[in-house]
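What follows is data_6.txt (compact mmCIF, C-alpha atoms (C1' of nucleotides)).
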# COMPACT_ATOMS: atom_id res chain seq x y z
CA MET A 1 -15.75 14.41 22.73
CA ILE A 2 -15.57 11.43 25.04
CA GLU A 3 -14.69 11.84 28.73
CA LEU A 4 -11.29 10.90 30.12
CA LYS A 5 -12.57 8.17 32.45
CA LYS A 6 -14.35 6.46 29.58
CA LEU A 7 -11.30 6.75 27.35
CA GLU A 8 -9.13 5.14 29.99
CA ASN A 9 -11.57 2.33 30.62
CA ALA A 10 -11.99 1.74 26.89
CA SER A 11 -8.23 1.58 26.45
CA GLU A 12 -7.96 -0.96 29.27
CA MET A 13 -10.49 -3.22 27.56
CA LEU A 14 -8.84 -2.85 24.17
CA LYS A 15 -5.39 -3.47 25.61
CA ALA A 16 -6.71 -6.63 27.21
CA ILE A 17 -7.90 -7.88 23.83
CA ALA A 18 -4.85 -6.65 21.91
CA HIS A 19 -2.66 -9.73 22.21
CA PRO A 20 -2.44 -12.59 19.69
CA LEU A 21 -3.54 -15.30 22.12
CA ARG A 22 -6.23 -13.18 23.68
CA ILE A 23 -7.64 -12.30 20.27
CA ALA A 24 -7.75 -16.02 19.52
CA ILE A 25 -9.54 -16.63 22.83
CA VAL A 26 -12.14 -13.93 22.19
CA ASP A 27 -12.64 -15.34 18.71
CA MET A 28 -13.20 -18.85 20.10
CA LEU A 29 -15.82 -17.46 22.47
CA SER A 30 -17.84 -15.64 19.83
CA ASN A 31 -21.47 -16.64 19.23
CA ASN A 32 -22.02 -16.98 22.97
CA LYS A 33 -19.81 -20.01 23.30
CA THR A 34 -18.56 -21.10 26.71
CA LEU A 35 -15.26 -22.91 27.17
CA THR A 36 -13.17 -24.24 30.05
CA VAL A 37 -9.51 -23.42 30.67
CA THR A 38 -8.53 -26.92 29.55
CA GLU A 39 -10.47 -26.65 26.29
CA ILE A 40 -8.74 -23.38 25.53
CA HIS A 41 -5.25 -24.48 26.43
CA GLU A 42 -5.62 -27.62 24.34
CA ALA A 43 -7.18 -25.89 21.35
CA LEU A 44 -4.49 -23.21 21.28
CA ASN A 45 -1.65 -25.56 22.16
CA ILE A 46 -0.42 -23.49 25.06
CA GLU A 47 0.49 -24.30 28.67
CA GLN A 48 -2.42 -24.45 31.07
CA ALA A 49 -0.89 -21.70 33.19
CA VAL A 50 -0.59 -19.48 30.14
CA ALA A 51 -4.23 -19.96 29.23
CA SER A 52 -5.33 -19.28 32.79
CA HIS A 53 -3.16 -16.19 32.94
CA HIS A 54 -4.57 -14.65 29.76
CA LEU A 55 -8.11 -15.55 30.78
CA SER A 56 -7.64 -13.75 34.08
CA ILE A 57 -6.41 -10.64 32.27
CA LEU A 58 -9.47 -10.69 30.02
CA LYS A 59 -11.74 -11.21 33.01
CA SER A 60 -10.18 -8.50 35.14
CA LYS A 61 -10.59 -5.96 32.34
CA GLY A 62 -14.26 -6.78 31.85
CA VAL A 63 -13.95 -8.67 28.58
CA LEU A 64 -14.86 -12.11 29.90
CA MET A 65 -16.81 -13.54 32.79
CA SER A 66 -16.48 -16.98 34.35
CA VAL A 67 -18.59 -19.39 36.33
CA ARG A 68 -17.18 -22.28 38.32
CA ASN A 69 -18.79 -25.64 37.67
CA GLY A 70 -17.17 -28.26 39.85
CA LYS A 71 -13.54 -28.56 38.86
CA ASN A 72 -14.06 -26.46 35.77
CA SER A 73 -14.21 -22.74 35.15
CA ASN A 74 -16.42 -21.80 32.25
CA TYR A 75 -15.43 -18.64 30.48
CA LYS A 76 -17.53 -16.60 28.08
CA LEU A 77 -17.73 -13.08 26.67
CA LYS A 78 -19.20 -10.59 29.10
CA TYR A 79 -20.53 -8.59 26.14
CA PRO A 80 -21.21 -10.80 23.09
CA ARG A 81 -20.88 -7.76 20.84
CA LEU A 82 -17.14 -7.66 21.59
CA ALA A 83 -16.66 -10.42 19.04
CA LYS A 84 -17.42 -7.77 16.43
CA ILE A 85 -14.09 -6.14 17.20
CA ILE A 86 -12.27 -9.22 15.99
CA SER A 87 -14.33 -9.54 12.83
CA CYS A 88 -13.89 -5.83 12.16
CA ILE A 89 -10.10 -6.06 12.34
CA ASP A 90 -10.23 -9.24 10.29
CA LYS A 91 -12.15 -7.51 7.51
CA CYS A 92 -9.60 -4.70 7.42
CA GLN A 93 -6.85 -7.23 6.87
CA ASN A 94 -8.69 -8.77 3.93
CA ASP A 95 -9.23 -5.41 2.27
CA LYS A 96 -5.69 -5.68 0.91
CA MET B 97 -9.07 -20.80 13.84
CA ILE B 98 -7.24 -17.74 12.66
CA GLU B 99 -3.63 -17.92 11.46
CA LEU B 100 -0.75 -16.67 13.59
CA LYS B 101 0.36 -13.94 11.18
CA LYS B 102 -3.15 -12.51 11.13
CA LEU B 103 -3.44 -12.68 14.89
CA GLU B 104 -0.18 -10.80 15.29
CA ASN B 105 -1.13 -8.15 12.79
CA ALA B 106 -4.56 -7.76 14.38
CA SER B 107 -2.97 -7.36 17.79
CA GLU B 108 -0.62 -4.70 16.44
CA MET B 109 -3.56 -2.72 15.11
CA LEU B 110 -5.55 -3.09 18.30
CA LYS B 111 -2.56 -2.19 20.47
CA ALA B 112 -2.12 0.94 18.38
CA ILE B 113 -5.71 1.97 19.07
CA ALA B 114 -5.67 0.90 22.73
CA HIS B 115 -4.46 4.16 24.29
CA PRO B 116 -6.68 6.94 25.66
CA LEU B 117 -5.38 9.64 23.32
CA ARG B 118 -5.33 7.37 20.31
CA ILE B 119 -8.90 6.26 20.96
CA ALA B 120 -9.86 9.93 21.08
CA ILE B 121 -8.06 10.51 17.78
CA VAL B 122 -9.77 7.58 16.05
CA ASP B 123 -13.08 8.83 17.42
CA MET B 124 -12.45 12.32 16.04
CA LEU B 125 -11.74 10.82 12.64
CA SER B 126 -14.91 8.75 12.42
CA ASN B 127 -17.41 9.44 9.63
CA ASN B 128 -14.57 9.87 7.16
CA LYS B 129 -13.35 13.07 8.71
CA THR B 130 -9.89 14.39 7.89
CA LEU B 131 -7.88 16.48 10.34
CA THR B 132 -4.44 18.06 10.50
CA VAL B 133 -1.90 17.57 13.27
CA THR B 134 -2.58 21.09 14.53
CA GLU B 135 -6.33 20.55 14.66
CA ILE B 136 -5.83 17.41 16.68
CA HIS B 137 -3.28 18.81 19.10
CA GLU B 138 -5.49 21.84 19.74
CA ALA B 139 -8.70 19.87 20.12
CA LEU B 140 -7.14 17.43 22.56
CA ASN B 141 -5.04 20.03 24.36
CA ILE B 142 -1.81 18.16 23.94
CA GLU B 143 1.67 19.17 22.74
CA GLN B 144 2.15 19.15 18.99
CA ALA B 145 4.95 16.61 19.31
CA VAL B 146 2.69 14.33 21.31
CA ALA B 147 -0.06 14.50 18.68
CA SER B 148 2.42 13.86 15.88
CA HIS B 149 3.91 10.96 17.79
CA HIS B 150 0.59 9.21 18.37
CA LEU B 151 -0.48 9.85 14.80
CA SER B 152 2.67 8.23 13.51
CA ILE B 153 2.04 5.16 15.67
CA LEU B 154 -1.49 4.87 14.29
CA LYS B 155 -0.22 5.33 10.75
CA SER B 156 2.61 2.82 11.06
CA LYS B 157 0.23 0.15 12.34
CA GLY B 158 -2.21 0.66 9.48
CA VAL B 159 -4.95 2.44 11.39
CA LEU B 160 -4.57 5.84 9.74
CA MET B 161 -3.27 7.21 6.48
CA SER B 162 -2.04 10.72 5.77
CA VAL B 163 -1.68 13.02 2.82
CA ARG B 164 0.53 16.09 2.79
CA ASN B 165 -1.14 19.26 1.63
CA GLY B 166 1.37 22.07 1.70
CA LYS B 167 2.46 22.66 5.26
CA ASN B 168 -0.26 20.41 6.58
CA SER B 169 -0.60 16.67 6.96
CA ASN B 170 -4.14 15.46 6.70
CA TYR B 171 -4.87 12.32 8.65
CA LYS B 172 -7.85 10.03 8.25
CA LEU B 173 -8.89 6.47 9.00
CA LYS B 174 -7.41 3.96 6.58
CA TYR B 175 -10.48 1.77 7.11
CA PRO B 176 -13.58 3.78 8.06
CA ARG B 177 -15.09 0.72 9.67
CA LEU B 178 -12.47 0.93 12.43
CA ALA B 179 -14.58 3.63 14.07
CA LYS B 180 -16.99 0.82 14.95
CA ILE B 181 -14.46 -0.52 17.42
CA ILE B 182 -14.76 2.64 19.46
CA SER B 183 -18.56 2.67 19.39
CA CYS B 184 -18.62 -1.03 20.27
CA ILE B 185 -16.48 -0.50 23.36
CA ASP B 186 -18.51 2.56 24.20
CA LYS B 187 -21.76 0.56 24.12
CA CYS B 188 -20.28 -2.04 26.45
CA GLN B 189 -19.49 0.69 28.96
CA ASN B 190 -23.07 1.95 28.87
CA ASP B 191 -24.53 -1.52 29.43
CA LYS B 192 -24.16 -0.99 33.19
C1' DA C 193 -6.54 -39.31 53.82
C1' DC C 194 -4.51 -39.69 49.29
C1' DT C 195 -4.47 -39.04 44.41
C1' DT C 196 -5.93 -37.10 40.23
C1' DT C 197 -7.66 -33.45 37.49
C1' DG C 198 -8.48 -28.77 36.67
C1' DT C 199 -7.40 -23.87 37.88
C1' DA C 200 -4.99 -20.02 39.71
C1' DT C 201 -1.00 -17.50 41.40
C1' DC C 202 3.89 -16.13 42.07
C1' DA C 203 8.47 -14.50 40.94
C1' DA C 204 12.04 -12.94 37.90
C1' DA C 205 14.13 -11.68 33.66
C1' DA C 206 13.36 -9.93 29.11
C1' DT C 207 10.98 -6.88 26.17
C1' DA C 208 7.98 -3.21 24.97
C1' DT C 209 5.49 1.27 25.74
C1' DA C 210 4.82 5.70 27.57
C1' DT C 211 6.18 10.36 28.72
C1' DA C 212 8.59 14.62 28.33
C1' DC C 213 11.59 17.74 26.26
C1' DA C 214 14.51 19.27 22.78
C1' DT C 215 15.48 19.78 18.11
C1' DA C 216 15.31 18.82 13.17
C1' DA C 217 12.98 18.82 8.76
C1' DT C 218 9.41 20.76 5.42
C1' DT C 219 6.87 24.13 3.08
C1' DA C 220 5.18 28.75 2.24
C1' DT C 221 5.86 33.48 2.37
C1' DA C 222 8.19 38.06 3.22
C1' DT D 223 17.68 33.78 1.98
C1' DA D 224 15.51 34.57 6.25
C1' DT D 225 11.63 33.53 9.06
C1' DA D 226 7.32 31.77 10.37
C1' DA D 227 4.27 27.89 10.52
C1' DT D 228 3.55 23.04 10.52
C1' DT D 229 5.09 18.54 11.12
C1' DA D 230 8.45 14.89 12.36
C1' DT D 231 12.18 12.77 14.93
C1' DG D 232 15.63 11.82 18.70
C1' DT D 233 16.98 10.77 23.35
C1' DA D 234 16.43 9.45 28.02
C1' DT D 235 13.88 7.92 31.92
C1' DA D 236 10.10 5.68 33.82
C1' DT D 237 6.59 2.29 33.71
C1' DA D 238 4.15 -1.73 32.02
C1' DT D 239 3.71 -6.13 29.71
C1' DT D 240 5.26 -10.57 28.28
C1' DT D 241 7.22 -14.93 29.04
C1' DT D 242 8.65 -18.92 31.52
C1' DG D 243 8.78 -22.15 35.09
C1' DA D 244 7.52 -23.44 39.49
C1' DT D 245 4.09 -23.94 42.78
C1' DA D 246 -0.25 -23.42 45.25
C1' DC D 247 -5.21 -24.08 45.54
C1' DA D 248 -9.80 -26.45 44.69
C1' DA D 249 -12.89 -30.14 43.71
C1' DA D 250 -13.84 -34.97 42.86
C1' DG D 251 -12.95 -39.74 43.01
C1' DT D 252 -10.54 -43.93 45.36
Hey, can you dump this file as structure tokens for me?
Amino acid sequence: MIELKKLENASEMLKAIAHPLRIAIVDMLSNNKTLTVTEIHEALNIEQAVASHHLSILKSKGVLMSVRNGKNSNYKLKYPRLAKIISCIDKCQNDK
Amino acid sequence: MIELKKLENASEMLKAIAHPLRIAIVDMLSNNKTLTVTEIHEALNIEQAVASHHLSILKSKGVLMSVRNGKNSNYKLKYPRLAKIISCIDKCQNDK
DNA sequence: ACTTTGTATCAAAATATATACATAATTATA
DNA sequence: TATAATTATGTATATATTTTGATACAAAGT
């Protein structure tokens, strides 16, 4: 069996991902893509503050990482394999 | 981009899994294992009502399925591939 | 210095989840 | 039918998350 600390940390990461917009964000960042806050808020048609807010949740829970580049913040997956979680759930939905 | 309905359903499934006890339950049920409520509540050292409660959440969100067999309810993963989510998160935690 | 563009944070109300305990509902057996 | 074993549900309180709008901060250009 898994240890409690690991279970709690795993649940924090999964909770971070488990939100419609945040799933969409993780999906957009699959295949090692890097995007700015503006690119995400425009692509998803959400307020800038909303995009920034969800990105900070994902970052604080270890799902994403970001690098400042001038005015922009570039976000990407901290662990590229995390994109598999989205495709896994997606496959389940297609299996009727 | 993924559709809204799918995103919402995916987030419901992930939210269901994203809890320490429920992660432990999904992990116990990997490799197509089937367990009863009693086996789970004893293995995890939690009240029977607590085990039943979390199992019903997982079932209602499409993560688990159950079959009654006399006095027992046998629970198993609805989609065996869901166990990959746990191992994926687990690997991320081991990558430093 | 001022303005523009891009990001991040704050505060408050609404909604959702978790936790704990008690009790009800099933099924099998005496 | 009474009871023992297994599972499911109900209720209440506490805690956490979501959502929205306003605002603050940071970097670059004028």
Would you superpose chain B on chain A, least squares on all C-alpha atoms in order, and hand back the fitted chain as a tab-separated table (two decimals) with C-alpha atoms, in the coordinates of the input?
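Saved file selection.tsv follows:
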chain	number	residue	atom	x	y	z
B	97	MET	CA	-15.84	14.30	22.86
B	98	ILE	CA	-15.63	11.34	25.15
B	99	GLU	CA	-14.75	11.73	28.84
B	100	LEU	CA	-11.33	10.80	30.19
B	101	LYS	CA	-12.57	8.05	32.51
B	102	LYS	CA	-14.35	6.36	29.63
B	103	LEU	CA	-11.34	6.68	27.37
B	104	GLU	CA	-9.13	5.07	29.99
B	105	ASN	CA	-11.54	2.25	30.62
B	106	ALA	CA	-11.98	1.67	26.89
B	107	SER	CA	-8.23	1.55	26.44
B	108	GLU	CA	-7.92	-0.99	29.24
B	109	MET	CA	-10.44	-3.24	27.54
B	110	LEU	CA	-8.82	-2.87	24.15
B	111	LYS	CA	-5.34	-3.45	25.56
B	112	ALA	CA	-6.63	-6.63	27.16
B	113	ILE	CA	-7.86	-7.89	23.80
B	114	ALA	CA	-4.83	-6.66	21.84
B	115	HIS	CA	-2.62	-9.74	22.16
B	116	PRO	CA	-2.42	-12.61	19.67
B	117	LEU	CA	-3.50	-15.31	22.11
B	118	ARG	CA	-6.19	-13.19	23.67
B	119	ILE	CA	-7.62	-12.32	20.26
B	120	ALA	CA	-7.73	-16.04	19.53
B	121	ILE	CA	-9.53	-16.63	22.83
B	122	VAL	CA	-12.12	-13.92	22.19
B	123	ASP	CA	-12.62	-15.35	18.71
B	124	MET	CA	-13.18	-18.84	20.11
B	125	LEU	CA	-15.79	-17.45	22.47
B	126	SER	CA	-17.82	-15.63	19.82
B	127	ASN	CA	-21.44	-16.63	19.22
B	128	ASN	CA	-22.00	-16.96	22.95
B	129	LYS	CA	-19.79	-19.99	23.28
B	130	THR	CA	-18.55	-21.08	26.70
B	131	LEU	CA	-15.26	-22.90	27.17
B	132	THR	CA	-13.18	-24.21	30.06
B	133	VAL	CA	-9.53	-23.41	30.71
B	134	THR	CA	-8.55	-26.91	29.61
B	135	GLU	CA	-10.47	-26.65	26.34
B	136	ILE	CA	-8.74	-23.39	25.57
B	137	HIS	CA	-5.24	-24.48	26.49
B	138	GLU	CA	-5.63	-27.64	24.40
B	139	ALA	CA	-7.16	-25.90	21.41
B	140	LEU	CA	-4.46	-23.24	21.33
B	141	ASN	CA	-1.63	-25.59	22.25
B	142	ILE	CA	-0.42	-23.51	25.14
B	143	GLU	CA	0.48	-24.31	28.76
B	144	GLN	CA	-2.44	-24.42	31.16
B	145	ALA	CA	-0.88	-21.67	33.26
B	146	VAL	CA	-0.57	-19.48	30.19
B	147	ALA	CA	-4.23	-19.97	29.27
B	148	SER	CA	-5.34	-19.28	32.83
B	149	HIS	CA	-3.16	-16.19	32.97
B	150	HIS	CA	-4.56	-14.67	29.78
B	151	LEU	CA	-8.09	-15.55	30.80
B	152	SER	CA	-7.65	-13.76	34.09
B	153	ILE	CA	-6.39	-10.65	32.29
B	154	LEU	CA	-9.45	-10.68	30.03
B	155	LYS	CA	-11.73	-11.21	33.00
B	156	SER	CA	-10.17	-8.48	35.13
B	157	LYS	CA	-10.56	-5.94	32.33
B	158	GLY	CA	-14.22	-6.76	31.81
B	159	VAL	CA	-13.92	-8.65	28.55
B	160	LEU	CA	-14.85	-12.09	29.88
B	161	MET	CA	-16.81	-13.50	32.77
B	162	SER	CA	-16.48	-16.94	34.32
B	163	VAL	CA	-18.61	-19.34	36.28
B	164	ARG	CA	-17.23	-22.23	38.29
B	165	ASN	CA	-18.84	-25.57	37.62
B	166	GLY	CA	-17.24	-28.18	39.81
B	167	LYS	CA	-13.61	-28.52	38.86
B	168	ASN	CA	-14.10	-26.42	35.77
B	169	SER	CA	-14.25	-22.71	35.14
B	170	ASN	CA	-16.44	-21.78	32.23
B	171	TYR	CA	-15.42	-18.61	30.46
B	172	LYS	CA	-17.51	-16.57	28.06
B	173	LEU	CA	-17.70	-13.07	26.64
B	174	LYS	CA	-19.16	-10.57	29.09
B	175	TYR	CA	-20.51	-8.59	26.12
B	176	PRO	CA	-21.19	-10.78	23.07
B	177	ARG	CA	-20.86	-7.77	20.82
B	178	LEU	CA	-17.13	-7.66	21.58
B	179	ALA	CA	-16.65	-10.43	19.02
B	180	LYS	CA	-17.40	-7.77	16.41
B	181	ILE	CA	-14.08	-6.14	17.18
B	182	ILE	CA	-12.26	-9.21	15.96
B	183	SER	CA	-14.33	-9.53	12.79
B	184	CYS	CA	-13.90	-5.81	12.13
B	185	ILE	CA	-10.12	-6.04	12.31
B	186	ASP	CA	-10.24	-9.20	10.27
B	187	LYS	CA	-12.18	-7.45	7.48
B	188	CYS	CA	-9.64	-4.64	7.39
B	189	GLN	CA	-6.88	-7.19	6.83
B	190	ASN	CA	-8.75	-8.72	3.90
B	191	ASP	CA	-9.32	-5.34	2.23
B	192	LYS	CA	-5.91	-5.67	0.57
Practice task
Hey, list the chain B side of the contact with chain A: 6 Å cut-off, all atoms listed in the file, answer as a list in words.
Solution key: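 Close enough to count are Leu103, Glu104, Ser107, Leu110, Lys111, Ala114, His115, Pro116 and Ile181 of chain B.
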Selection to disk with C-alpha atoms, as a PDB file, in the coordinates of the input:
ATOM      1  CA  LEU B 103      -3.440 -12.680  14.890  1.00  0.00           C
ATOM      2  CA  GLU B 104      -0.180 -10.800  15.290  1.00  0.00           C
ATOM      3  CA  SER B 107      -2.970  -7.360  17.790  1.00  0.00           C
ATOM      4  CA  LEU B 110      -5.550  -3.090  18.300  1.00  0.00           C
ATOM      5  CA  LYS B 111      -2.560  -2.190  20.470  1.00  0.00           C
ATOM      6  CA  ALA B 114      -5.670   0.900  22.730  1.00  0.00           C
ATOM      7  CA  HIS B 115      -4.460   4.160  24.290  1.00  0.00           C
ATOM      8  CA  PRO B 116      -6.680   6.940  25.660  1.00  0.00           C
ATOM      9  CA  ILE B 181     -14.460  -0.520  17.420  1.00  0.00           C
TER      10      ILE B 181
END
Practice task
Have a look at B:Asn168, B:Asn127, B:Ser183, B:Thr132 and name the one nearest to chain D; count all atoms listed in the file.
Solution key: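 Closest to chain D, using all atoms listed in the file: B:Asn168.
Across the model, the gap from CA of Lys129 in chain B to C1' of DT211 in chain C is 28.1 Å.
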I need the chain D residues near chain A as a PDB file with C-alpha atoms (C1' of nucleotides), in the frame of the given file; criterion: at most 12 Å, counting all atoms listed in the file.
ATOM      1  C1'  DA D 238       4.150  -1.730  32.020  1.00  0.00           C
ATOM      2  C1'  DT D 239       3.710  -6.130  29.710  1.00  0.00           C
ATOM      3  C1'  DT D 240       5.260 -10.570  28.280  1.00  0.00           C
ATOM      4  C1'  DT D 241       7.220 -14.930  29.040  1.00  0.00           C
ATOM      5  C1'  DT D 242       8.650 -18.920  31.520  1.00  0.00           C
ATOM      6  C1'  DG D 243       8.780 -22.150  35.090  1.00  0.00           C
ATOM      7  C1'  DA D 244       7.520 -23.440  39.490  1.00  0.00           C
ATOM      8  C1'  DT D 245       4.090 -23.940  42.780  1.00  0.00           C
ATOM      9  C1'  DC D 247      -5.210 -24.080  45.540  1.00  0.00           C
ATOM     10  C1'  DA D 248      -9.800 -26.450  44.690  1.00  0.00           C
ATOM     11  C1'  DA D 249     -12.890 -30.140  43.710  1.00  0.00           C
ATOM     12  C1'  DA D 250     -13.840 -34.970  42.860  1.00  0.00           C
ATOM     13  C1'  DG D 251     -12.950 -39.740  43.010  1.00  0.00           C
TER      14       DG D 251
END
Where atoms are absent from range 162-190 of chain B, fill them in so it carries N, CA and C atoms, then output it as a JSON list (two decimals), in the coordinates of the input.
[["chain", "number", "residue", "atom", "x", "y", "z"],
["B", 162, "SER", "N", -2.17, 9.27, 5.81],
["B", 162, "SER", "CA", -2.04, 10.72, 5.77],
["B", 162, "SER", "C", -1.63, 11.19, 4.39],
["B", 163, "VAL", "N", -2.02, 12.40, 4.09],
["B", 163, "VAL", "CA", -1.68, 13.02, 2.82],
["B", 163, "VAL", "C", -1.16, 14.42, 3.13],
["B", 164, "ARG", "N", -0.03, 14.75, 2.59],
["B", 164, "ARG", "CA", 0.53, 16.09, 2.79],
["B", 164, "ARG", "C", -0.21, 17.06, 1.88],
["B", 165, "ASN", "N", -0.51, 18.22, 2.44],
["B", 165, "ASN", "CA", -1.14, 19.26, 1.63],
["B", 165, "ASN", "C", -0.46, 20.56, 2.04],
["B", 166, "GLY", "N", 0.59, 20.89, 1.34],
["B", 166, "GLY", "CA", 1.37, 22.07, 1.70],
["B", 166, "GLY", "C", 2.03, 21.84, 3.04],
["B", 167, "LYS", "N", 1.84, 22.80, 3.95],
["B", 167, "LYS", "CA", 2.46, 22.66, 5.26],
["B", 167, "LYS", "C", 1.75, 21.62, 6.12],
["B", 168, "ASN", "N", 0.53, 21.30, 5.73],
["B", 168, "ASN", "CA", -0.26, 20.41, 6.58],
["B", 168, "ASN", "C", -0.21, 18.94, 6.19],
["B", 169, "SER", "N", -0.41, 18.10, 7.20],
["B", 169, "SER", "CA", -0.60, 16.67, 6.96],
["B", 169, "SER", "C", -2.03, 16.37, 7.36],
["B", 170, "ASN", "N", -2.75, 15.81, 6.42],
["B", 170, "ASN", "CA", -4.14, 15.46, 6.70],
["B", 170, "ASN", "C", -4.23, 13.98, 7.02],
["B", 171, "TYR", "N", -4.73, 13.70, 8.20],
["B", 171, "TYR", "CA", -4.87, 12.32, 8.65],
["B", 171, "TYR", "C", -6.32, 11.88, 8.58],
["B", 172, "LYS", "N", -6.51, 10.62, 8.20],
["B", 172, "LYS", "CA", -7.85, 10.03, 8.25],
["B", 172, "LYS", "C", -7.75, 8.53, 8.47],
["B", 173, "LEU", "N", -8.87, 7.91, 8.79],
["B", 173, "LEU", "CA", -8.89, 6.47, 9.00],
["B", 173, "LEU", "C", -8.57, 5.75, 7.70],
["B", 174, "LYS", "N", -7.71, 4.75, 7.77],
["B", 174, "LYS", "CA", -7.41, 3.96, 6.58],
["B", 174, "LYS", "C", -8.62, 3.09, 6.25],
["B", 175, "TYR", "N", -9.27, 2.57, 7.29],
["B", 175, "TYR", "CA", -10.48, 1.77, 7.11],
["B", 175, "TYR", "C", -11.58, 2.40, 7.95],
["B", 176, "PRO", "N", -12.52, 3.08, 7.31],
["B", 176, "PRO", "CA", -13.58, 3.78, 8.06],
["B", 176, "PRO", "C", -14.30, 2.89, 9.05],
["B", 177, "ARG", "N", -14.38, 1.61, 8.75],
["B", 177, "ARG", "CA", -15.09, 0.72, 9.67],
["B", 177, "ARG", "C", -14.42, 0.61, 11.04],
["B", 178, "LEU", "N", -13.16, 1.01, 11.13],
["B", 178, "LEU", "CA", -12.47, 0.93, 12.43],
["B", 178, "LEU", "C", -13.14, 1.78, 13.50],
["B", 179, "ALA", "N", -13.89, 2.80, 13.08],
["B", 179, "ALA", "CA", -14.58, 3.63, 14.07],
["B", 179, "ALA", "C", -15.59, 2.80, 14.86],
["B", 180, "LYS", "N", -16.02, 1.69, 14.26],
["B", 180, "LYS", "CA", -16.99, 0.82, 14.95],
["B", 180, "LYS", "C", -16.40, 0.22, 16.22],
["B", 181, "ILE", "N", -15.09, 0.05, 16.22],
["B", 181, "ILE", "CA", -14.46, -0.52, 17.42],
["B", 181, "ILE", "C", -14.70, 0.39, 18.62],
["B", 182, "ILE", "N", -14.56, 1.69, 18.38],
["B", 182, "ILE", "CA", -14.76, 2.64, 19.46],
["B", 182, "ILE", "C", -16.22, 2.62, 19.93],
["B", 183, "SER", "N", -17.15, 2.64, 18.97],
["B", 183, "SER", "CA", -18.56, 2.67, 19.39],
["B", 183, "SER", "C", -18.95, 1.36, 20.06],
["B", 184, "CYS", "N", -18.32, 0.27, 19.65],
["B", 184, "CYS", "CA", -18.62, -1.03, 20.27],
["B", 184, "CYS", "C", -18.18, -1.02, 21.73],
["B", 185, "ILE", "N", -16.97, -0.58, 21.99],
["B", 185, "ILE", "CA", -16.48, -0.50, 23.36],
["B", 185, "ILE", "C", -17.34, 0.47, 24.17],
["B", 186, "ASP", "N", -17.70, 1.55, 23.52],
["B", 186, "ASP", "CA", -18.51, 2.56, 24.20],
["B", 186, "ASP", "C", -19.86, 1.98, 24.64],
["B", 187, "LYS", "N", -20.48, 1.20, 23.76],
["B", 187, "LYS", "CA", -21.76, 0.56, 24.12],
["B", 187, "LYS", "C", -21.59, -0.37, 25.31],
["B", 188, "CYS", "N", -20.50, -1.12, 25.33],
["B", 188, "CYS", "CA", -20.28, -2.04, 26.45],
["B", 188, "CYS", "C", -20.22, -1.28, 27.76],
["B", 189, "GLN", "N", -19.62, -0.11, 27.74],
["B", 189, "GLN", "CA", -19.49, 0.69, 28.96],
["B", 189, "GLN", "C", -20.84, 1.22, 29.43],
["B", 190, "ASN", "N", -21.75, 1.43, 28.48],
["B", 190, "ASN", "CA", -23.07, 1.95, 28.87],
["B", 190, "ASN", "C", -24.02, 0.86, 29.35]]
